[in-house]
>>> print(open('my_file.pdb').read())   # PDB, C-alpha atoms
MODEL        1
ATOM      1  CA  MET A 180     -70.376 -46.535  60.365
ATOM      2  CA  PHE A 181     -68.808 -49.952  60.818
ATOM      3  CA  LYS A 182     -67.620 -49.988  57.244
ATOM      4  CA  LYS A 183     -66.071 -46.539  57.613
ATOM      5  CA  GLY A 184     -64.415 -47.564  60.857
ATOM      6  CA  LYS A 185     -63.055 -50.686  59.225
ATOM      7  CA  VAL A 186     -61.533 -48.624  56.418
ATOM      8  CA  LEU A 187     -60.014 -46.219  58.939
ATOM      9  CA  LEU A 188     -58.608 -49.082  60.962
ATOM     10  CA  THR A 189     -57.178 -50.706  57.864
ATOM     11  CA  GLY A 190     -55.550 -47.416  56.849
ATOM     12  CA  MET A 191     -53.993 -47.063  60.286
ATOM     13  CA  MET A 192     -52.642 -50.611  60.096
ATOM     14  CA  VAL A 193     -51.129 -49.943  56.664
ATOM     15  CA  ALA A 194     -49.566 -46.717  57.917
ATOM     16  CA  THR A 195     -48.154 -48.555  60.927
ATOM     17  CA  LEU A 196     -46.704 -51.255  58.699
ATOM     18  CA  LEU A 197     -45.155 -48.681  56.358
ATOM     19  CA  LEU A 198     -43.663 -46.815  59.306
ATOM     20  CA  ALA A 199     -42.265 -50.044  60.677
ATOM     21  CA  ALA A 200     -40.834 -50.910  57.279
ATOM     22  CA  GLY A 201     -39.282 -47.471  57.029
ATOM     23  CA  CYS A 202     -37.701 -47.829  60.449
ATOM     24  CA  GLY A 203     -36.407 -51.257  59.501
ATOM     25  CA  LYS A 204     -34.894 -49.866  56.323
ATOM     26  CA  GLY A 205     -33.126 -47.095  58.224
ATOM     27  CA  SER A 206     -31.746 -49.575  60.710
ATOM     28  CA  SER A 207     -30.481 -51.737  57.873
ATOM     29  CA  ALA A 208     -28.733 -48.764  56.273
ATOM     30  CA  SER A 209     -27.105 -47.936  59.600
ATOM     31  CA  GLU A 210     -25.949 -51.513  60.050
ATOM     32  CA  GLU A 211     -24.582 -51.471  56.495
ATOM     33  CA  SER A 212     -22.523 -48.348  57.251
ATOM     34  CA  GLU A 213     -21.114 -50.009  60.344
ATOM     35  CA  LYS A 214     -19.677 -52.770  58.157
ATOM     36  CA  THR A 215     -18.406 -50.542  55.321
ATOM     37  CA  LEU A 216     -14.844 -49.306  54.840
ATOM     38  CA  TYR A 217     -13.665 -46.696  52.327
ATOM     39  CA  PHE A 218     -10.352 -47.372  50.587
ATOM     40  CA  ILE A 219      -8.969 -44.340  48.693
ATOM     41  CA  PRO A 220      -5.680 -44.987  46.831
ATOM     42  CA  ILE A 221      -4.115 -42.389  44.522
ATOM     43  CA  VAL A 222      -4.882 -44.796  41.632
ATOM     44  CA  ASP A 223      -5.612 -48.535  41.599
ATOM     45  CA  THR A 224      -3.889 -49.636  38.404
ATOM     46  CA  GLY A 225      -0.326 -50.767  37.790
ATOM     47  CA  ALA A 226       2.052 -53.185  39.469
ATOM     48  CA  TYR A 227       2.127 -51.177  42.707
ATOM     49  CA  TRP A 228      -1.426 -49.978  43.304
ATOM     50  CA  ASN A 229      -3.319 -52.983  41.938
ATOM     51  CA  PRO A 230      -1.815 -55.578  44.323
ATOM     52  CA  MET A 231      -2.393 -53.105  47.147
ATOM     53  CA  LYS A 232      -6.097 -52.994  46.329
ATOM     54  CA  LYS A 233      -6.129 -56.789  46.186
ATOM     55  CA  GLY A 234      -4.618 -56.970  49.669
ATOM     56  CA  ALA A 235      -7.254 -54.573  50.994
ATOM     57  CA  GLU A 236     -10.053 -56.570  49.352
ATOM     58  CA  ASP A 237      -8.793 -59.858  50.769
ATOM     59  CA  ALA A 238      -8.502 -58.465  54.298
ATOM     60  CA  ALA A 239     -11.964 -56.872  54.175
ATOM     61  CA  LYS A 240     -13.548 -60.106  52.960
ATOM     62  CA  GLU A 241     -11.838 -62.190  55.627
ATOM     63  CA  LEU A 242     -12.915 -59.769  58.354
ATOM     64  CA  GLY A 243     -16.519 -59.473  57.180
ATOM     65  CA  TYR A 244     -16.506 -55.904  55.855
ATOM     66  CA  THR A 245     -17.662 -54.336  52.602
ATOM     67  CA  LEU A 246     -14.835 -52.431  50.911
ATOM     68  CA  VAL A 247     -15.671 -49.403  48.788
ATOM     69  CA  THR A 248     -12.732 -48.301  46.626
ATOM     70  CA  LYS A 249     -12.716 -44.704  45.403
ATOM     71  CA  THR A 250     -10.057 -43.249  43.120
ATOM     72  CA  SER A 251      -9.549 -41.307  39.896
ATOM     73  CA  PRO A 252      -7.272 -41.403  36.811
ATOM     74  CA  SER A 253      -3.697 -40.222  37.319
ATOM     75  CA  ALA A 254      -4.220 -37.300  34.912
ATOM     76  CA  GLU A 255      -7.438 -36.116  36.614
ATOM     77  CA  PRO A 256      -7.100 -32.272  36.676
ATOM     78  CA  SER A 257      -8.983 -31.875  39.970
ATOM     79  CA  LYS A 258      -7.611 -35.035  41.547
ATOM     80  CA  LYS A 259      -6.850 -33.586  44.977
ATOM     81  CA  GLU A 260     -10.316 -32.019  45.315
ATOM     82  CA  LYS A 261     -11.975 -35.208  44.096
ATOM     83  CA  HIS A 262     -10.195 -37.346  46.676
ATOM     84  CA  ILE A 263     -10.984 -34.905  49.460
ATOM     85  CA  GLY A 264     -14.585 -35.292  48.305
ATOM     86  CA  PHE A 265     -14.324 -39.071  48.770
ATOM     87  CA  VAL A 266     -13.302 -38.550  52.412
ATOM     88  CA  LYS A 267     -16.245 -36.192  52.947
ATOM     89  CA  GLU A 268     -18.594 -38.669  51.267
ATOM     90  CA  ALA A 269     -17.452 -41.467  53.564
ATOM     91  CA  THR A 270     -17.825 -39.188  56.588
ATOM     92  CA  ALA A 271     -21.353 -38.188  55.587
ATOM     93  CA  LYS A 272     -22.272 -41.876  55.260
ATOM     94  CA  ASN A 273     -20.804 -42.516  58.719
ATOM     95  CA  VAL A 274     -18.829 -45.535  57.520
ATOM     96  CA  ALA A 275     -16.910 -47.722  59.945
ATOM     97  CA  GLY A 276     -13.465 -46.591  58.796
ATOM     98  CA  ILE A 277     -11.475 -44.800  56.094
ATOM     99  CA  ALA A 278      -8.110 -45.630  54.505
ATOM    100  CA  ILE A 279      -6.607 -42.820  52.412
ATOM    101  CA  ALA A 280      -3.379 -42.230  50.496
ATOM    102  CA  PRO A 281      -3.166 -38.431  50.863
ATOM    103  CA  ILE A 282      -1.974 -36.601  47.767
ATOM    104  CA  GLU A 283      -0.646 -33.707  49.868
ATOM    105  CA  LYS A 284       0.416 -33.438  53.501
ATOM    106  CA  LYS A 285      -1.754 -30.446  54.450
ATOM    107  CA  ALA A 286      -4.830 -30.415  52.202
ATOM    108  CA  PHE A 287      -6.284 -33.612  53.675
ATOM    109  CA  VAL A 288      -5.876 -32.690  57.344
ATOM    110  CA  ASP A 289      -9.234 -30.945  57.859
ATOM    111  CA  PRO A 290     -11.447 -33.542  56.114
ATOM    112  CA  ILE A 291      -9.652 -36.337  57.970
ATOM    113  CA  LYS A 292     -10.110 -34.538  61.285
ATOM    114  CA  ALA A 293     -13.813 -34.096  60.481
ATOM    115  CA  ALA A 294     -14.118 -37.858  60.044
ATOM    116  CA  MET A 295     -12.243 -38.586  63.261
ATOM    117  CA  ASP A 296     -14.461 -36.099  65.122
ATOM    118  CA  LYS A 297     -17.335 -38.437  64.225
ATOM    119  CA  ASP A 298     -15.371 -41.344  65.721
ATOM    120  CA  ILE A 299     -14.472 -42.723  62.294
ATOM    121  CA  PRO A 300     -10.875 -44.030  62.384
ATOM    122  CA  VAL A 301      -8.701 -42.882  59.478
ATOM    123  CA  ILE A 302      -5.514 -44.698  58.493
ATOM    124  CA  THR A 303      -3.180 -43.161  55.923
ATOM    125  CA  PHE A 304      -1.111 -45.347  53.613
ATOM    126  CA  ASP A 305       1.573 -44.889  50.944
ATOM    127  CA  ALA A 306       2.004 -41.282  52.117
ATOM    128  CA  ASP A 307       1.497 -39.729  55.535
ATOM    129  CA  LEU A 308       0.457 -36.378  56.979
ATOM    130  CA  GLU A 309       2.932 -34.019  58.641
ATOM    131  CA  ASN A 310       1.622 -34.631  62.163
ATOM    132  CA  SER A 311       0.870 -38.123  63.462
ATOM    133  CA  GLU A 312      -1.941 -36.847  65.692
ATOM    134  CA  ASP A 313      -3.932 -35.834  62.618
ATOM    135  CA  ARG A 314      -4.706 -39.463  61.717
ATOM    136  CA  THR A 315      -5.261 -42.760  63.532
ATOM    137  CA  ALA A 316      -2.212 -44.499  62.095
ATOM    138  CA  TYR A 317       0.018 -44.815  59.036
ATOM    139  CA  VAL A 318       0.651 -48.091  57.221
ATOM    140  CA  GLY A 319       3.288 -48.367  54.533
ATOM    141  CA  THR A 320       6.827 -47.687  53.596
ATOM    142  CA  ASP A 321       8.853 -45.145  55.489
ATOM    143  CA  ASN A 322       9.621 -43.248  52.305
ATOM    144  CA  VAL A 323      12.661 -41.514  53.768
ATOM    145  CA  SER A 324      14.144 -44.900  54.716
ATOM    146  CA  ALA A 325      13.192 -46.396  51.350
ATOM    147  CA  GLY A 326      14.800 -43.499  49.509
ATOM    148  CA  LYS A 327      17.871 -43.866  51.700
ATOM    149  CA  GLU A 328      18.151 -47.561  50.811
ATOM    150  CA  LEU A 329      18.016 -46.718  47.111
ATOM    151  CA  GLY A 330      20.569 -43.918  47.526
ATOM    152  CA  LYS A 331      22.980 -46.148  49.434
ATOM    153  CA  GLN A 332      22.712 -49.064  47.017
ATOM    154  CA  ALA A 333      23.180 -46.790  44.004
ATOM    155  CA  ALA A 334      26.182 -45.050  45.571
ATOM    156  CA  GLU A 335      27.807 -48.384  46.412
ATOM    157  CA  GLU A 336      27.449 -49.532  42.803
ATOM    158  CA  MET A 337      28.682 -46.201  41.454
ATOM    159  CA  LYS A 338      31.793 -46.442  43.645
ATOM    160  CA  GLU A 339      32.426 -49.991  42.401
ATOM    161  CA  LYS A 340      32.277 -48.646  38.839
ATOM    162  CA  GLY A 341      34.825 -45.971  39.714
ATOM    163  CA  ILE A 342      32.415 -43.029  39.361
ATOM    164  CA  THR A 343      33.825 -40.207  41.469
ATOM    165  CA  SER A 344      31.966 -37.134  40.176
ATOM    166  CA  GLY A 345      29.206 -35.951  37.861
ATOM    167  CA  SER A 346      25.650 -34.672  37.640
ATOM    168  CA  ILE A 347      22.622 -36.599  38.949
ATOM    169  CA  ALA A 348      19.004 -36.172  37.874
ATOM    170  CA  ILE A 349      15.852 -36.998  39.837
ATOM    171  CA  VAL A 350      12.500 -37.433  38.090
ATOM    172  CA  CYS A 351       9.123 -37.561  39.844
ATOM    173  CA  VAL A 352       5.403 -37.039  39.246
ATOM    174  CA  ASP A 353       4.880 -34.077  41.564
ATOM    175  CA  VAL A 354       7.504 -32.300  43.668
ATOM    176  CA  ALA A 355       4.800 -31.392  46.215
ATOM    177  CA  GLN A 356       3.646 -34.993  46.729
ATOM    178  CA  PRO A 357       4.658 -36.286  50.204
ATOM    179  CA  THR A 358       6.088 -39.564  48.915
ATOM    180  CA  MET A 359       8.297 -37.749  46.410
ATOM    181  CA  ILE A 360       9.561 -35.255  49.007
ATOM    182  CA  ASP A 361      10.455 -38.001  51.485
ATOM    183  CA  ARG A 362      12.042 -40.302  48.910
ATOM    184  CA  GLU A 363      14.247 -37.539  47.571
ATOM    185  CA  LYS A 364      15.291 -36.568  51.089
ATOM    186  CA  GLY A 365      16.249 -40.152  51.962
ATOM    187  CA  LEU A 366      17.923 -40.699  48.601
ATOM    188  CA  LYS A 367      20.312 -37.809  49.121
ATOM    189  CA  GLU A 368      21.008 -38.856  52.708
ATOM    190  CA  GLY A 369      21.872 -42.413  51.661
ATOM    191  CA  PHE A 370      24.046 -41.209  48.792
ATOM    192  CA  GLU A 371      26.002 -38.841  51.038
ATOM    193  CA  GLU A 372      26.374 -41.503  53.709
ATOM    194  CA  VAL A 373      28.208 -43.808  51.277
ATOM    195  CA  TYR A 374      30.317 -41.196  49.470
ATOM    196  CA  GLY A 375      31.087 -39.157  52.560
ATOM    197  CA  SER A 376      33.127 -36.023  51.845
ATOM    198  CA  ASP A 377      33.384 -37.020  48.163
ATOM    199  CA  ALA A 378      29.641 -36.444  47.778
ATOM    200  CA  LYS A 379      30.474 -32.770  47.150
ATOM    201  CA  ASN A 380      31.938 -33.817  43.783
ATOM    202  CA  PHE A 381      28.429 -34.625  42.551
ATOM    203  CA  LYS A 382      25.729 -32.155  41.563
ATOM    204  CA  PHE A 383      22.025 -32.934  41.975
ATOM    205  CA  LEU A 384      20.170 -31.086  39.228
ATOM    206  CA  ALA A 385      16.765 -29.472  39.821
ATOM    207  CA  THR A 386      14.162 -32.227  40.204
ATOM    208  CA  ILE A 387      12.088 -32.914  37.096
ATOM    209  CA  GLN A 388       8.310 -32.998  37.557
ATOM    210  CA  ASP A 389       6.214 -34.531  34.766
ATOM    211  CA  ASN A 390       2.692 -34.858  36.288
ATOM    212  CA  ASP A 391       2.811 -38.503  35.192
ATOM    213  CA  GLN A 392       3.236 -37.544  31.525
ATOM    214  CA  PRO A 393       6.107 -39.543  29.920
ATOM    215  CA  SER A 394       6.502 -37.058  27.075
ATOM    216  CA  GLU A 395       7.248 -34.321  29.603
ATOM    217  CA  SER A 396       9.888 -36.216  31.591
ATOM    218  CA  LYS A 397      11.427 -37.434  28.314
ATOM    219  CA  LYS A 398      11.705 -33.887  26.989
ATOM    220  CA  GLN A 399      13.146 -32.451  30.203
ATOM    221  CA  LEU A 400      15.652 -35.260  30.713
ATOM    222  CA  GLU A 401      16.792 -35.022  27.102
ATOM    223  CA  GLY A 402      17.523 -31.369  27.806
ATOM    224  CA  TYR A 403      19.509 -32.313  30.909
ATOM    225  CA  ILE A 404      21.542 -34.914  29.005
ATOM    226  CA  SER A 405      22.379 -32.409  26.273
ATOM    227  CA  ALA A 406      23.288 -29.632  28.712
ATOM    228  CA  ASN A 407      25.166 -31.796  31.216
ATOM    229  CA  LYS A 408      27.698 -34.030  29.502
ATOM    230  CA  ASP A 409      28.746 -35.349  32.912
ATOM    231  CA  LEU A 410      25.286 -36.761  33.786
ATOM    232  CA  VAL A 411      26.052 -40.162  35.320
ATOM    233  CA  THR A 412      22.878 -41.295  37.103
ATOM    234  CA  VAL A 413      19.113 -40.800  37.013
ATOM    235  CA  PHE A 414      16.625 -41.705  39.749
ATOM    236  CA  SER A 415      12.924 -42.285  38.990
ATOM    237  CA  LEU A 416      10.948 -41.873  42.208
ATOM    238  CA  GLY A 417       7.793 -43.706  41.170
ATOM    239  CA  SER A 418       4.845 -43.931  38.752
ATOM    240  CA  GLU A 419       4.680 -44.897  35.106
ATOM    241  CA  GLY A 420       5.226 -41.411  33.670
ATOM    242  CA  PRO A 421       8.776 -40.937  34.976
ATOM    243  CA  ASP A 422       9.653 -44.600  34.370
ATOM    244  CA  VAL A 423       8.694 -44.489  30.687
ATOM    245  CA  GLY A 424       9.960 -40.942  30.141
ATOM    246  CA  VAL A 425      13.397 -41.613  31.606
ATOM    247  CA  MET A 426      13.955 -44.818  29.641
ATOM    248  CA  SER A 427      12.795 -43.116  26.428
ATOM    249  CA  ALA A 428      15.164 -40.185  26.979
ATOM    250  CA  ILE A 429      18.121 -42.467  27.701
ATOM    251  CA  GLU A 430      17.401 -44.394  24.505
ATOM    252  CA  SER A 431      16.875 -41.332  22.306
ATOM    253  CA  GLN A 432      20.160 -39.825  23.482
ATOM    254  CA  SER A 433      22.067 -43.089  22.885
ATOM    255  CA  LYS A 434      22.946 -43.372  26.581
ATOM    256  CA  SER A 435      21.645 -46.905  27.190
ATOM    257  CA  GLY A 436      24.015 -48.625  29.597
ATOM    258  CA  LYS A 437      26.075 -45.440  29.956
ATOM    259  CA  ILE A 438      23.821 -43.509  32.337
ATOM    260  CA  LEU A 439      22.798 -45.540  35.377
ATOM    261  CA  HIS A 440      19.076 -45.560  36.114
ATOM    262  CA  TYR A 441      17.546 -46.481  39.482
ATOM    263  CA  GLY A 442      13.779 -46.761  39.927
ATOM    264  CA  PHE A 443      11.128 -46.992  42.607
ATOM    265  CA  ASP A 444       8.477 -49.757  42.556
ATOM    266  CA  TYR A 445       8.131 -52.611  40.118
ATOM    267  CA  THR A 446       6.446 -52.175  36.732
ATOM    268  CA  ASP A 447       6.561 -54.346  33.596
ATOM    269  CA  THR A 448       8.039 -51.272  31.897
ATOM    270  CA  TRP A 449      11.394 -52.146  33.484
ATOM    271  CA  LEU A 450      11.530 -55.403  31.503
ATOM    272  CA  LYS A 451      12.008 -53.406  28.286
ATOM    273  CA  GLY A 452      15.185 -51.835  29.632
ATOM    274  CA  ILE A 453      16.998 -54.815  31.132
ATOM    275  CA  ASP A 454      18.923 -56.036  28.088
ATOM    276  CA  ASP A 455      20.224 -52.650  26.952
ATOM    277  CA  GLY A 456      20.904 -51.266  30.427
ATOM    278  CA  ARG A 457      18.207 -48.588  30.613
ATOM    279  CA  ILE A 458      17.341 -49.775  34.129
ATOM    280  CA  THR A 459      20.026 -50.638  36.682
ATOM    281  CA  ALA A 460      18.007 -51.590  39.770
ATOM    282  CA  ILE A 461      14.916 -50.653  41.802
ATOM    283  CA  VAL A 462      13.578 -50.708  45.316
ATOM    284  CA  ASP A 463      10.105 -52.204  45.557
ATOM    285  CA  GLN A 464       7.425 -52.056  48.211
ATOM    286  CA  ASP A 465       5.296 -55.021  49.276
ATOM    287  CA  ALA A 466       2.120 -53.399  47.982
ATOM    288  CA  TYR A 467      -0.149 -56.364  48.755
ATOM    289  CA  GLN A 468       0.951 -56.357  52.375
ATOM    290  CA  ILE A 469       0.369 -52.599  52.649
ATOM    291  CA  GLY A 470      -3.233 -53.019  51.476
ATOM    292  CA  TYR A 471      -3.843 -55.981  53.752
ATOM    293  CA  GLN A 472      -2.316 -54.351  56.827
ATOM    294  CA  VAL A 473      -4.258 -51.109  56.261
ATOM    295  CA  ILE A 474      -7.600 -52.909  56.501
ATOM    296  CA  GLU A 475      -6.546 -55.315  59.231
ATOM    297  CA  ASN A 476      -5.420 -52.455  61.459
ATOM    298  CA  LEU A 477      -8.459 -50.350  60.596
ATOM    299  CA  VAL A 478     -10.708 -53.173  61.824
ATOM    300  CA  LYS A 479      -8.604 -53.589  64.972
ATOM    301  CA  THR A 480      -9.211 -49.924  65.741
ATOM    302  CA  ILE A 481     -12.935 -50.282  65.087
ATOM    303  CA  ASP A 482     -12.979 -53.229  67.507
ATOM    304  CA  GLY A 483     -11.380 -51.061  70.198
ATOM    305  CA  GLU A 484      -7.851 -52.428  70.012
ATOM    306  CA  THR A 485      -4.851 -50.127  70.391
ATOM    307  CA  ILE A 486      -2.553 -50.163  67.365
ATOM    308  CA  ASP A 487       0.852 -48.626  66.728
ATOM    309  CA  PRO A 488       0.717 -45.126  65.213
ATOM    310  CA  THR A 489       3.091 -46.293  62.462
ATOM    311  CA  ILE A 490       3.081 -49.756  60.892
ATOM    312  CA  PRO A 491       6.156 -49.928  58.606
ATOM    313  CA  ILE A 492       6.438 -52.158  55.530
ATOM    314  CA  ASP A 493       9.981 -52.886  54.323
ATOM    315  CA  VAL A 494      11.244 -52.407  50.760
ATOM    316  CA  LYS A 495      13.323 -54.826  48.693
ATOM    317  CA  TYR A 496      16.292 -53.934  46.481
ATOM    318  CA  VAL A 497      16.039 -55.705  43.107
ATOM    319  CA  PRO A 498      18.934 -55.541  40.578
ATOM    320  CA  ALA A 499      18.020 -55.519  36.866
ATOM    321  CA  ALA A 500      19.121 -59.144  36.409
ATOM    322  CA  GLU A 501      16.459 -60.288  38.905
ATOM    323  CA  LEU A 502      13.577 -58.121  37.678
ATOM    324  CA  GLU A 503      12.012 -60.617  35.274
ATOM    325  CA  ALA A 504      11.667 -63.380  37.871
ATOM    326  CA  TYR A 505      10.528 -60.883  40.476
ATOM    327  CA  GLY A 506       7.876 -59.528  38.107
ATOM    328  CA  LYS A 507       6.448 -62.997  37.463
ATOM    329  CA  GLU A 508       5.847 -63.423  41.179
ATOM    330  CA  LYS A 509       4.028 -60.099  41.400
ATOM    331  CA  SER A 510       1.896 -60.740  38.323
ATOM    332  CA  ASN A 511      -0.050 -63.422  40.201
ATOM    333  CA  ILE A 512      -1.690 -60.705  42.320
ATOM    334  CA  LYS A 513      -4.334 -58.779  40.377
ATOM    335  CA  THR A 514      -7.777 -57.276  40.821
ATOM    336  CA  ASP A 515     -10.191 -55.112  38.843
ATOM    337  CA  SER A 516      -9.646 -51.345  38.777
ATOM    338  CA  VAL A 517     -12.152 -48.646  39.684
ATOM    339  CA  GLU A 518     -12.050 -45.028  38.519
ATOM    340  CA  ASP A 519     -14.645 -42.409  39.455
TER     341      ASP A 519
ENDMDL
END
>>> encode(input="my_file.pdb", output="structure tokens")
Amino acid sequence: MFKKGKVLLTGMMVATLLLAAGCGKGSSASEESEKTLYFIPIVDTGAYWNPMKKGAEDAAKELGYTLVTKTSPSAEPSKKEKHIGFVKEATAKNVAGIAIAPIEKKAFVDPIKAAMDKDIPVITFDADLENSEDRTAYVGTDNVSAGKELGKQAAEEMKEKGITSGSIAIVCVDVAQPTMIDREKGLKEGFEEVYGSDAKNFKFLATIQDNDQPSESKKQLEGYISANKDLVTVFSLGSEGPDVGVMSAIESQSKSGKILHYGFDYTDTWLKGIDDGRITAIVDQDAYQIGYQVIENLVKTIDGETIDPTIPIDVKYVPAAELEAYGKEKSNIKTDSVED
């Protein structure tokens, strides 16, 4: 009887220890979630997105948080759905906070609201939602203002060159992407502000969309150049596809230095077009600072501080002659990429 009782007692002690261990493990997982942040950029490679990720990593490390970066390749066919899935994953894990660059203004509203309903702050960056109440805050460039700066600077230079009329092309990744919509809006506003009533002498052609495929933007722009002999200026609104495609089309049509080309965001690709005039100037965002400020403000919110609903990051206008030196400065900021 004693032996049996001893075995029973030992079994109960083991069970108690296992239960305690299980409870401890659950508590640890909960504590881990409380110190985890999800960072969801559109991509994390290239001269714009990579420094942004670095800024986010540095801020998270300094503030004592684990940063989980989730993204997918630019040509991912179900990219929007995949990124919505990342938000849902973070919500299910009950992480401390989420930073997301929404690919569309409307599609991300419901999953973001679901996270906020669980008291998980969500800060958007790079692109914003339509309504400010649908997220905690936005950190990044005011894309309308940035587009306006590019439009004004380009128009000023065009006027100096004596250009008084002609066709203008705009090339982007996706015409439905919030950043592209806002940049184009600002671009046209800035252009019209400088030219005034003479702006009516220019014709903006239908915006080219290439889904980040250089061969597509090259083909479409070549068609525009052939069909519109008065094409004077091209604007690339961001990402490597349009940048490469536009410069390739200008070269193939022997228009280097003849058609002005203004870009958005720095990339080493621009260096190939400086000498022959395939790039005229760009506006560039301080990507590192965007990433850093996203995480810093996310943590402030977690700690109960009140933050501004919009935290703007200014852009810088960089003429072609200054691009090489500017690029060397940016190249010192790099981190590893992650693609799911």
>>> closest_residue(input="my_file.pdb", among="A:Val352, A:Val373, A:Phe383, A:Ser324", to="A:Ser396", atoms="all atoms listed in the file")
A:Val352
>>> closest_residue(input="my_file.pdb", among="A:Asp493, A:Asp422, A:Glu363, A:Asp377", to="A:Ala466", atoms="all atoms listed in the file")
A:Asp493
>>> residues_around(input="my_file.pdb", residues="stretch 286-302 of chain A", least_positions_apart="6", cutoff="8 Å", atoms="all atoms listed in the file", output="list in words")
Ile263, Val266, Lys267, Thr270, Asn273, Val274, Ala275, Gly276, Ile277, Ala278, Ile279, Leu308, Asp313, Arg314, Thr315, Ala316, Tyr317, Val318, Val473, Leu477, Thr480 and Ile481 of chain A
>>> write_last_selection(input="my_file.pdb", atoms="C-alpha atoms", output="short mmCIF file (atom, residue, chain, number, x, y, z; two decimals), in the frame of the given file")
data_model
loop_
_atom_site.label_atom_id
_atom_site.label_comp_id
_atom_site.auth_asym_id
_atom_site.auth_seq_id
_atom_site.Cartn_x
_atom_site.Cartn_y
_atom_site.Cartn_z
CA ILE A 263 -10.98 -34.90 49.46
CA VAL A 266 -13.30 -38.55 52.41
CA LYS A 267 -16.24 -36.19 52.95
CA THR A 270 -17.82 -39.19 56.59
CA ASN A 273 -20.80 -42.52 58.72
CA VAL A 274 -18.83 -45.54 57.52
CA ALA A 275 -16.91 -47.72 59.94
CA GLY A 276 -13.46 -46.59 58.80
CA ILE A 277 -11.48 -44.80 56.09
CA ALA A 278 -8.11 -45.63 54.50
CA ILE A 279 -6.61 -42.82 52.41
CA LEU A 308 0.46 -36.38 56.98
CA ASP A 313 -3.93 -35.83 62.62
CA ARG A 314 -4.71 -39.46 61.72
CA THR A 315 -5.26 -42.76 63.53
CA ALA A 316 -2.21 -44.50 62.10
CA TYR A 317 0.02 -44.82 59.04
CA VAL A 318 0.65 -48.09 57.22
CA VAL A 473 -4.26 -51.11 56.26
CA LEU A 477 -8.46 -50.35 60.60
CA THR A 480 -9.21 -49.92 65.74
CA ILE A 481 -12.94 -50.28 65.09
#
>>> closest_residue(input="my_file.pdb", among="A:Gly319, A:Gly456, A:Gly243, A:Gly417", to="A:Val354", atoms="only C-alpha atoms")
A:Gly417
>>> closest_residue(input="my_file.pdb", among="A:Tyr441, A:Phe218, A:Phe370, A:Tyr496", to="A:Leu416", atoms="only C-alpha atoms")
A:Tyr441
>>> resolve_selection(input="my_file.pdb", expression="the PyMOL selection byres ((chain A and resi 364) around 12)", output="list in words")
Asp321, Asn322, Val323, Ser324, Ala325, Gly326, Lys327, Glu328, Leu329, Gly330, Ile349, Val354, Pro357, Thr358, Met359, Ile360, Asp361, Arg362, Glu363, Gly365, Leu366, Lys367, Glu368, Gly369, Phe370, Glu371, Phe383, Thr386 and Leu416 of chain A
>>> residues_near_point(input="my_file.pdb", point="(16.8, -53.2, 37.6)", cutoff="8 Å", atoms="all atoms listed in the file", output="ChimeraX atom specification")
/A:441-442,449,453,458-461,497-502
>>> closest_residue(input="my_file.pdb", among="A:Gly452, A:Gly506, A:Gly234, A:Gly402", to="A:Ala348", atoms="only C-alpha atoms")
A:Gly402
>>> residues_around(input="my_file.pdb", residues="A:Lys214", least_positions_apart="2", cutoff="7 Å", atoms="all atoms listed in the file", output="number ranges by chain")
A: 210-212, 216, 244-245, 275
>>> resolve_selection(input="my_file.pdb", expression="the PyMOL selection byres ((chain A and resi 248) around 8)", output="list in words")
Tyr217, Phe218, Ile219, Pro220, Leu246, Val247, Lys249, Thr250 and Val517 of chain A
